[in-house]
Amino acid sequence: MNSMLKYILQRVLLMIFTAFFIMTMLFVFVKLIPDPVTCAPGTTSCQSEIAWRKALGYDKPLLVQYWMYLVALFTKGTFGVGFKMYALQPVVDTVNSKLAPTMFVNFFALLIAIPVGLGFGIFSALKKNKWEDQVISVLVMLVISVPSFVYAFLLQYFFVVYGGGIWKATGVVNATTFAELFDWDVFVSYIPPILCLCLGTIAGLTRFTRAELTEVLTSDFMLLARAKGLTRAQATVRHALRNAMVPIFPMILGEFIGIIGGSLIIEQFFSIPGIGKLYLQSINSVDYNFFMYLSMFYVVIGLASGLVIDLSYGMVDPRIRMGAK
Amino acid sequence: MSMVNQMAKDRDIVSSSDYVLSAQDTKFVQSNSELSDTKFETKQMSFFHDAFRRFAQNKGSVVAGIIILFLLAFSLIVPAVSGQDVVNNEPYYAECLPKNPLFAGTGFWDGTKKVDAPIQQYISYQEKGQLVSGTKRDKDTTNLNSYYTCRYDTYIKGYAYQSFDEETYNALVAYDKTVEAKRRILFPLVDYTTYCETAFTNSFTRDQVEGWYKQNAYASFKVGANKQPLYVLDSSGDAILNADGTFELERIYLKDSFGNYVYSDRTGEAGAYSYACRINFDNYYIKTHGHAPLFILGSDTNGKDLMTRLAIGGRVSLLLGITVSVINFILGAIYGAIEGYYGGVVDLVMERISEILAEVPTTIIFVLFNWYLRNKIPTIVLLFFAFIFVGWLGTAATVRMQFYRFKNQEYVLAARTLGASDARLIVKHIFPNSLGTVVTSSVLMIPGVIFSESSLSYLQIIDLSSSGMTSIGTMLSEAQGAYTTNPNLIIWPALFISLLMICFNMFGNGLRDAFNPTLRGAEE
């Protein structure tokens, strides 16, 4: 247990170090982009912008700015204010207000994808090389190969043209809080993006489950289980599935952490007012603080899900000892 | 590291002058004795020859390879022969439907569209010359609320206003004298000051003035309380629609003091006159281009040829995909080989570098590259560098692992004992072991690059159109506003990129199976 704690601590420290390193690099690169105040000749409209840039310390040397950024981050937990968009509003608050739609779509997509993906994977592993398996394999291959915005087009087209006018080609109904999102009309308008998002996860999970389960099903202990008198169903559920779950469960756990990240493409396509859309806006308008914060947000999600995946291996399977050399 | 030092010492001993051996010092032990082992009776087959043989047996992958070659040929040949490009456009021919001269008049693939249109729309088609066929759908005798099932030609656009310089204008006048009436380009101007209503300002009603009058005549039929024609009146109160339903459209044309129609509005100074004319755009296009517009897969919302755009987008995708995967293959192989072969501190440092790089989301890298370089180098070069920046990490990891697996094996030790240098050991003895895996992952990198490139252009993070190119992603993102009414806009790009992705994945999977020695003999 002690070595496990040490291992977790090591990993967390490494993660913090990596995140800090990336943050520093990002800060330097983002701040080095030339961004002069553009002043139309003969107007004084830019005076106020110059003034508040000065107030925010944007005229100071880079290192001083970074020091100020770090101090604000560690003492107040803030990441600055909006610059080109949501001017002078705290970045963290704005991002938090956009979390609900993103999490909403991803949560429901995952809720559908996990049972369906596992089900298809188990089914096709049990029917290995029969026609059912081949049909599923072809479908999985199609969904994995075809870009998500292509089948988003197809889905949206069918919903808009044959949906009796319930769905609009412009995307979902605008809603930003959970209370609004669970309104029936809003929920219905979110069906196409949810389906779109879960398709990719279903395909990935099906392929992974099938691969893991077929490997377990051909191992010797399965033969032993059958030999000692278990039926095929008993042997599959009690022995094969539990062993196949060792790599599958961490993968699902990683997906759950990804819920708050969301998908840039799907949010853009269905104009969901979530984090992905905000990120794209910050990219297009070159907003330092939003871009910095959201980039770090995605980096930390990636690092955290990697860590959780690694740690959960040990929890699922006692044979895997964490920190062992 | 100590092992490497030791080896270096060993080599020094062998190569020092005390131990030089000449040819006389050595002789073959078995030079005269007879060897009793038998020769191989089967033909030798190299690893790659065997992989190729097994790949050829995988029908799906071979078909995928052929389709990829076909798409490649399409991308290379089409822009050269289509006579269209993706920079210039003719907004007038926006959203034309696919047309193939071979199918003219069949109702399929001939650029016509079948719609149910109210009578006003029907008249508009008729006036513009778009109508191919039309039958009245219901039996409304008053002609007021009738719907027509019509088929109209999306390639005929009717009239437009355009300004010409003196030389061009004179050429057009001369041209009009030589051709039959329906081929004429210049049409009389409309007398706005007398006959134009206030609503008469937007370009459609201005351009299609005859159609506008007739449509509104029917509209006024409809709104009239006693269902009597409320004649469309000009500002002086004279009817243009007669009581018997005929029109006196000649009256709306502008006339000079001699009572002749006026064909141009001349402005500017002598020597640099500008002539604003009302032209039949279709006839004008035929005169300037020598042929009627033809878009085999239809045109997009800006009037650009979809097929040419598709091919240019395909070129970008394929060019990026293939070059990036080749460069990443080379970079990854070198980096991974150095890491894996030398190990120790070298490996530790290099691994930390690649670990941190791997944690940076690729979107951030593309955005930073774009912010810094978009005005300095063409977008495609920028994309190329951004893809290379992190793309080699996967290859390097694979190669490194293979080096760790093989560098301590006996055959490597044997080669080293015989005096093989580090470079020779790396290139000749250890690297070939990883070649199969690395080739496969390089091929599978191509669809990944194509997907990233099209996603980035779909999200409008990068913009290839500034350098005279386009991308499948851009095409899809531009179609987003119009695809529910004109699905033709998304069908082709969606089909193209899906086919490309599926085929590359199938091709790559086929290669993976072929290079996997454990599957050998499993299929037979």
# chains A, B, ... in the order shown; residues from 1 in each chain; ligands from 1
>>> residues_around(residues="region 334-351 of chain B", least_positions_apart="6", cutoff="8 Å", atoms="only C-alpha atoms", output="MDAnalysis selection string")
chainID B and resid 1 4 395:404 407 426 431
>>> closest_atom_pairs(of="chain B", to="chain A", cutoff="9 Å", atoms="only C-alpha atoms", output="JSON lines")
{"residue": "B:Glu355", "atom": "CA", "partner": "A:Thr18", "partner_atom": "CA", "distance": 8.9}
{"residue": "B:Ile356", "atom": "CA", "partner": "A:Thr18", "partner_atom": "CA", "distance": 6.4}
{"residue": "B:Leu357", "atom": "CA", "partner": "A:Ile22", "partner_atom": "CA", "distance": 8.8}
{"residue": "B:Glu359", "atom": "CA", "partner": "A:Val299", "partner_atom": "CA", "distance": 6.8}
{"residue": "B:Val360", "atom": "CA", "partner": "A:Val299", "partner_atom": "CA", "distance": 6.5}
{"residue": "B:Pro361", "atom": "CA", "partner": "A:Val299", "partner_atom": "CA", "distance": 6.6}
{"residue": "B:Thr363", "atom": "CA", "partner": "A:Ser295", "partner_atom": "CA", "distance": 8.9}
{"residue": "B:Ile364", "atom": "CA", "partner": "A:Ser295", "partner_atom": "CA", "distance": 6.9}
{"residue": "B:Val367", "atom": "CA", "partner": "A:Ile283", "partner_atom": "CA", "distance": 7.0}
{"residue": "B:Leu368", "atom": "CA", "partner": "A:Phe29", "partner_atom": "CA", "distance": 7.5}
{"residue": "B:Trp371", "atom": "CA", "partner": "A:Ile33", "partner_atom": "CA", "distance": 7.3}
{"residue": "B:Tyr372", "atom": "CA", "partner": "A:Ile33", "partner_atom": "CA", "distance": 6.8}
{"residue": "B:Pro447", "atom": "CA", "partner": "A:Ser145", "partner_atom": "CA", "distance": 8.1}
{"residue": "B:Phe451", "atom": "CA", "partner": "A:Pro147", "partner_atom": "CA", "distance": 6.5}
{"residue": "B:Ser454", "atom": "CA", "partner": "A:Pro147", "partner_atom": "CA", "distance": 8.8}
{"residue": "B:Ser455", "atom": "CA", "partner": "A:Ile265", "partner_atom": "CA", "distance": 7.4}
{"residue": "B:Tyr458", "atom": "CA", "partner": "A:Ile265", "partner_atom": "CA", "distance": 8.1}
{"residue": "B:Leu459", "atom": "CA", "partner": "A:Ile265", "partner_atom": "CA", "distance": 6.8}
{"residue": "B:Gln460", "atom": "CA", "partner": "A:Asn284", "partner_atom": "CA", "distance": 8.4}
{"residue": "B:Ile461", "atom": "CA", "partner": "A:Asn284", "partner_atom": "CA", "distance": 7.0}
{"residue": "B:Gly473", "atom": "CA", "partner": "A:Phe149", "partner_atom": "CA", "distance": 8.9}
{"residue": "B:Leu476", "atom": "CA", "partner": "A:Val150", "partner_atom": "CA", "distance": 8.2}
{"residue": "B:Ser477", "atom": "CA", "partner": "A:Phe269", "partner_atom": "CA", "distance": 8.7}
{"residue": "B:Gln480", "atom": "CA", "partner": "A:Phe153", "partner_atom": "CA", "distance": 8.3}
{"residue": "B:Gly481", "atom": "CA", "partner": "A:Thr170", "partner_atom": "CA", "distance": 7.7}
{"residue": "B:Ala482", "atom": "CA", "partner": "A:Ala169", "partner_atom": "CA", "distance": 9.0}
{"residue": "B:Tyr483", "atom": "CA", "partner": "A:Tyr157", "partner_atom": "CA", "distance": 7.9}
{"residue": "B:Thr484", "atom": "CA", "partner": "A:Tyr157", "partner_atom": "CA", "distance": 6.2}
{"residue": "B:Thr485", "atom": "CA", "partner": "A:Val161", "partner_atom": "CA", "distance": 9.0}
{"residue": "B:Pro487", "atom": "CA", "partner": "A:Tyr157", "partner_atom": "CA", "distance": 8.4}
{"residue": "B:Ile490", "atom": "CA", "partner": "A:Phe153", "partner_atom": "CA", "distance": 7.9}
{"residue": "B:Pro493", "atom": "CA", "partner": "A:Val150", "partner_atom": "CA", "distance": 8.9}
{"residue": "B:Ala494", "atom": "CA", "partner": "A:Val150", "partner_atom": "CA", "distance": 5.7}
{"residue": "B:Leu495", "atom": "CA", "partner": "A:Val150", "partner_atom": "CA", "distance": 8.6}
{"residue": "B:Ile497", "atom": "CA", "partner": "A:Val146", "partner_atom": "CA", "distance": 7.6}
{"residue": "B:Ser498", "atom": "CA", "partner": "A:Val146", "partner_atom": "CA", "distance": 4.9}
{"residue": "B:Leu499", "atom": "CA", "partner": "A:Val146", "partner_atom": "CA", "distance": 8.0}
{"residue": "B:Leu500", "atom": "CA", "partner": "A:Val146", "partner_atom": "CA", "distance": 8.9}
{"residue": "B:Met501", "atom": "CA", "partner": "A:Ser145", "partner_atom": "CA", "distance": 5.4}
{"residue": "B:Ile502", "atom": "CA", "partner": "A:Ser145", "partner_atom": "CA", "distance": 5.1}
{"residue": "B:Cys503", "atom": "CA", "partner": "A:Ser145", "partner_atom": "CA", "distance": 8.7}
{"residue": "B:Phe504", "atom": "CA", "partner": "A:Ser145", "partner_atom": "CA", "distance": 8.7}
{"residue": "B:Asn505", "atom": "CA", "partner": "A:Ser145", "partner_atom": "CA", "distance": 6.8}
{"residue": "B:Met506", "atom": "CA", "partner": "A:Met141", "partner_atom": "CA", "distance": 8.5}
>>> write_last_selection(atoms="N, CA and C atoms", output="CSV table (one decimal), in the first residue's frame")
chain,number,residue,atom,x,y,z
B,355,GLU,N,7.7,12.9,-24.5
B,355,GLU,CA,6.6,12.7,-23.6
B,355,GLU,C,5.8,14.1,-23.4
B,356,ILE,N,6.6,15.1,-23.2
B,356,ILE,CA,6.0,16.4,-23.1
B,356,ILE,C,5.3,16.9,-24.4
B,357,LEU,N,6.0,16.6,-25.5
B,357,LEU,CA,5.4,17.0,-26.8
B,357,LEU,C,4.1,16.2,-27.0
B,359,GLU,N,2.0,15.3,-24.8
B,359,GLU,CA,0.9,15.8,-24.0
B,359,GLU,C,0.2,17.0,-24.5
B,360,VAL,N,0.9,17.8,-25.4
B,360,VAL,CA,0.3,19.0,-25.9
B,360,VAL,C,-0.8,18.6,-27.0
B,361,PRO,N,-2.0,19.0,-26.8
B,361,PRO,CA,-3.1,18.7,-27.7
B,361,PRO,C,-2.7,19.3,-29.1
B,363,THR,N,-4.4,20.4,-31.5
B,363,THR,CA,-5.1,21.7,-31.8
B,363,THR,C,-4.3,22.9,-31.5
B,364,ILE,N,-3.7,22.9,-30.3
B,364,ILE,CA,-2.9,24.0,-29.8
B,364,ILE,C,-1.7,24.2,-30.7
B,367,VAL,N,-2.9,25.8,-33.9
B,367,VAL,CA,-3.3,27.2,-33.7
B,367,VAL,C,-2.1,28.1,-33.6
B,368,LEU,N,-1.1,27.7,-32.8
B,368,LEU,CA,0.1,28.5,-32.7
B,368,LEU,C,0.9,28.6,-34.0
B,371,TRP,N,-1.1,31.1,-36.0
B,371,TRP,CA,-1.0,32.5,-35.5
B,371,TRP,C,0.3,33.1,-36.0
B,372,TYR,N,1.4,32.3,-35.9
B,372,TYR,CA,2.7,32.9,-36.2
B,372,TYR,C,3.0,33.0,-37.7
B,447,PRO,N,-4.6,8.5,-43.3
B,447,PRO,CA,-6.0,8.9,-43.1
B,447,PRO,C,-6.1,9.8,-41.9
B,451,PHE,N,-7.8,13.4,-42.0
B,451,PHE,CA,-8.9,13.7,-41.1
B,451,PHE,C,-8.6,15.0,-40.4
B,454,SER,N,-8.9,18.0,-42.8
B,454,SER,CA,-10.3,18.4,-43.1
B,454,SER,C,-11.0,18.9,-41.9
B,455,SER,N,-10.8,18.4,-40.7
B,455,SER,CA,-11.4,18.9,-39.5
B,455,SER,C,-11.0,20.3,-39.3
B,458,TYR,N,-12.6,22.4,-41.7
B,458,TYR,CA,-14.1,22.5,-41.4
B,458,TYR,C,-14.3,23.5,-40.2
B,459,LEU,N,-13.5,23.4,-39.2
B,459,LEU,CA,-13.7,24.3,-38.1
B,459,LEU,C,-13.2,25.8,-38.4
B,460,GLN,N,-12.6,25.9,-39.6
B,460,GLN,CA,-12.1,27.2,-40.0
B,460,GLN,C,-11.0,27.7,-39.2
B,461,ILE,N,-10.2,26.8,-38.5
B,461,ILE,CA,-9.0,27.2,-37.8
B,461,ILE,C,-7.9,27.6,-38.8
B,473,GLY,N,-12.9,19.9,-46.1
B,473,GLY,CA,-13.5,20.4,-44.9
B,473,GLY,C,-14.1,21.8,-45.2
B,476,LEU,N,-17.3,21.4,-47.0
B,476,LEU,CA,-18.4,21.0,-46.2
B,476,LEU,C,-18.9,22.1,-45.3
B,477,SER,N,-18.0,22.9,-44.8
B,477,SER,CA,-18.4,24.0,-43.9
B,477,SER,C,-19.2,25.1,-44.7
B,480,GLN,N,-22.8,24.1,-45.2
B,480,GLN,CA,-23.7,23.9,-44.1
B,480,GLN,C,-25.0,24.7,-44.1
B,481,GLY,N,-24.9,26.0,-44.6
B,481,GLY,CA,-26.2,26.8,-44.6
B,481,GLY,C,-27.2,26.3,-45.6
B,482,ALA,N,-26.8,25.6,-46.7
B,482,ALA,CA,-27.7,25.4,-47.8
B,482,ALA,C,-28.0,23.9,-48.1
B,483,TYR,N,-27.4,23.0,-47.3
B,483,TYR,CA,-27.5,21.6,-47.7
B,483,TYR,C,-28.8,21.0,-47.6
B,484,THR,N,-29.7,21.5,-46.7
B,484,THR,CA,-31.0,20.8,-46.6
B,484,THR,C,-31.9,21.1,-47.9
B,485,THR,N,-31.6,22.2,-48.6
B,485,THR,CA,-32.4,22.4,-49.8
B,485,THR,C,-31.6,21.9,-51.0
B,487,PRO,N,-28.9,19.1,-51.3
B,487,PRO,CA,-28.0,18.1,-50.8
B,487,PRO,C,-26.8,17.8,-51.7
B,490,ILE,N,-23.3,18.7,-50.4
B,490,ILE,CA,-22.5,17.9,-49.4
B,490,ILE,C,-22.2,16.4,-49.9
B,493,PRO,N,-18.4,16.0,-51.6
B,493,PRO,CA,-17.3,16.1,-50.6
B,493,PRO,C,-17.4,15.0,-49.6
B,494,ALA,N,-18.6,14.7,-49.1
B,494,ALA,CA,-18.8,13.7,-48.0
B,494,ALA,C,-18.4,12.4,-48.6
B,495,LEU,N,-18.8,12.1,-49.8
B,495,LEU,CA,-18.5,10.8,-50.4
B,495,LEU,C,-17.0,10.6,-50.6
B,497,ILE,N,-14.4,12.2,-49.2
B,497,ILE,CA,-13.5,12.0,-48.0
B,497,ILE,C,-13.8,10.7,-47.3
B,498,SER,N,-15.1,10.3,-47.3
B,498,SER,CA,-15.4,9.0,-46.7
B,498,SER,C,-14.7,7.9,-47.4
B,499,LEU,N,-14.8,7.9,-48.7
B,499,LEU,CA,-14.1,6.9,-49.5
B,499,LEU,C,-12.6,6.8,-49.3
B,500,LEU,N,-12.0,8.0,-49.3
B,500,LEU,CA,-10.6,8.1,-49.0
B,500,LEU,C,-10.2,7.6,-47.7
B,501,MET,N,-11.0,7.9,-46.7
B,501,MET,CA,-10.6,7.5,-45.3
B,501,MET,C,-10.8,6.0,-45.2
B,502,ILE,N,-12.0,5.5,-45.7
B,502,ILE,CA,-12.2,4.0,-45.6
B,502,ILE,C,-11.2,3.2,-46.3
B,503,CYS,N,-10.8,3.7,-47.5
B,503,CYS,CA,-9.9,2.9,-48.3
B,503,CYS,C,-8.5,2.9,-47.7
B,504,PHE,N,-8.1,4.1,-47.2
B,504,PHE,CA,-6.7,4.1,-46.5
B,504,PHE,C,-6.7,3.2,-45.3
B,505,ASN,N,-7.8,3.2,-44.5
B,505,ASN,CA,-7.8,2.4,-43.4
B,505,ASN,C,-7.8,0.9,-43.7
B,506,MET,N,-8.6,0.5,-44.8
B,506,MET,CA,-8.6,-0.9,-45.2
B,506,MET,C,-7.2,-1.3,-45.7
>>> atom_distance(atom1="CA of Leu155 (chain A)", atom2="CA of Phe104 (chain A)")
19.2 Å
>>> residues_around(residues="region 253-265 of chain B", least_positions_apart="5", cutoff="6 Å", atoms="only C-alpha atoms", output="ChimeraX atom specification")
/B:188-191,275-277
>>> atom_distance(atom1="CA of Phe164 (chain B)", atom2="CA of Tyr93 (chain B)")
19.9 Å
>>> residues_around(residues="region 64-73 of chain A", least_positions_apart="4", cutoff="10 Å", atoms="only C-alpha atoms", output="MDAnalysis selection string")
chainID A and resid 24 27:28 31 56:60 77:80 289
>>> write_last_selection(atoms="C-alpha atoms", output="short mmCIF file (atom, residue, chain, number, x, y, z; two decimals), in the first residue's frame")
data_model
loop_
_atom_site.label_atom_id
_atom_site.label_comp_id
_atom_site.auth_asym_id
_atom_site.auth_seq_id
_atom_site.Cartn_x
_atom_site.Cartn_y
_atom_site.Cartn_z
CA THR A 24 4.95 28.23 -19.43
CA PHE A 27 2.28 31.65 -22.15
CA VAL A 28 5.50 32.62 -23.88
CA LYS A 31 2.21 36.49 -25.57
CA LEU A 56 -3.88 44.82 -16.96
CA GLY A 57 -0.11 45.09 -17.20
CA TYR A 58 0.09 44.09 -20.86
CA ASP A 59 2.84 46.64 -21.46
CA LYS A 60 5.24 45.08 -18.94
CA GLY A 77 -7.28 31.09 -8.56
CA THR A 78 -8.05 33.35 -11.49
CA PHE A 79 -6.81 33.10 -15.04
CA GLY A 80 -7.25 36.71 -16.05
CA ASN A 289 -6.51 34.50 -21.62
#
>>> residues_around(residues="Ala235 (chain A)", least_positions_apart="4", cutoff="8 Å", atoms="only C-alpha atoms", output="JSON, numbers by chain")
{"A": [222, 225, 226, 230, 231, 239, 240]}
>>> write_last_selection(atoms="C-alpha atoms", output="PDB file, in the first residue's frame")
ATOM      1  CA  MET A 222     -11.853 -20.972 -20.436  1.00  0.00           C
ATOM      2  CA  ALA A 225     -14.094 -23.711 -16.970  1.00  0.00           C
ATOM      3  CA  ARG A 226     -16.051 -25.542 -19.625  1.00  0.00           C
ATOM      4  CA  LEU A 230     -19.933 -24.607 -16.564  1.00  0.00           C
ATOM      5  CA  THR A 231     -22.268 -23.780 -19.399  1.00  0.00           C
ATOM      6  CA  HIS A 239     -14.576 -15.863 -16.273  1.00  0.00           C
ATOM      7  CA  ALA A 240     -14.200 -14.324 -19.707  1.00  0.00           C
TER       8      ALA A 240
END
>>> residues_around(residues="Trp52 (chain A)", least_positions_apart="2", cutoff="12 Å", atoms="only C-alpha atoms", output="NGL selection string")
:A and (37 or 46-50 or 54-59 or 81-83 or 87-88)
>>> write_last_selection(atoms="C-alpha atoms", output="CSV table (one decimal), in the first residue's frame")
chain,number,residue,atom,x,y,z
A,37,VAL,CA,-3.8,48.4,-30.8
A,46,CYS,CA,-8.5,53.2,-29.0
A,47,GLN,CA,-7.4,55.4,-26.0
A,48,SER,CA,-9.6,53.4,-23.6
A,49,GLU,CA,-8.2,50.1,-24.9
A,50,ILE,CA,-4.6,51.4,-24.5
A,54,LYS,CA,-1.9,49.2,-19.3
A,55,ALA,CA,-4.1,48.6,-16.3
A,56,LEU,CA,-3.9,44.8,-17.0
A,57,GLY,CA,-0.1,45.1,-17.2
A,58,TYR,CA,0.1,44.1,-20.9
A,59,ASP,CA,2.8,46.6,-21.5
A,81,VAL,CA,-10.1,38.4,-17.8
A,82,GLY,CA,-11.5,38.3,-21.4
A,83,PHE,CA,-9.7,40.5,-23.8
A,87,ALA,CA,-14.2,41.9,-22.5
A,88,LEU,CA,-13.0,42.2,-18.9
>>> select_by_dssp(residues="region 78-162 of chain A", states="helix (DSSP H, G or I)", output="VMD selection string")
chain A and resid 91 to 97 99 to 126 131 to 145 148 to 162
>>> closest_residue(among="A:Leu223, A:Ile260, A:Leu139, A:Leu311", to="Leu5 (chain A)", atoms="only C-alpha atoms")
A:Leu311
>>> closest_residue(among="B:Thr301, B:Asn280, B:Gln130, B:Asn100", to="Leu186 (chain B)", atoms="only C-alpha atoms")
B:Asn280
>>> closest_residue(among="A:Leu99, A:Val172, A:Leu195, A:Thr236", to="Leu126 (chain A)", atoms="only C-alpha atoms")
A:Thr236
>>> residues_around(residues="Glu212 (chain A)", least_positions_apart="3", cutoff="10 Å", atoms="only C-alpha atoms", output="number ranges by chain")
A: 121-122, 125, 207-209, 215-217, 240-241, 243-248
>>> atom_distance(atom1="CA of Lys228 (chain A)", atom2="CA of Arg319 (chain A)")
23.9 Å
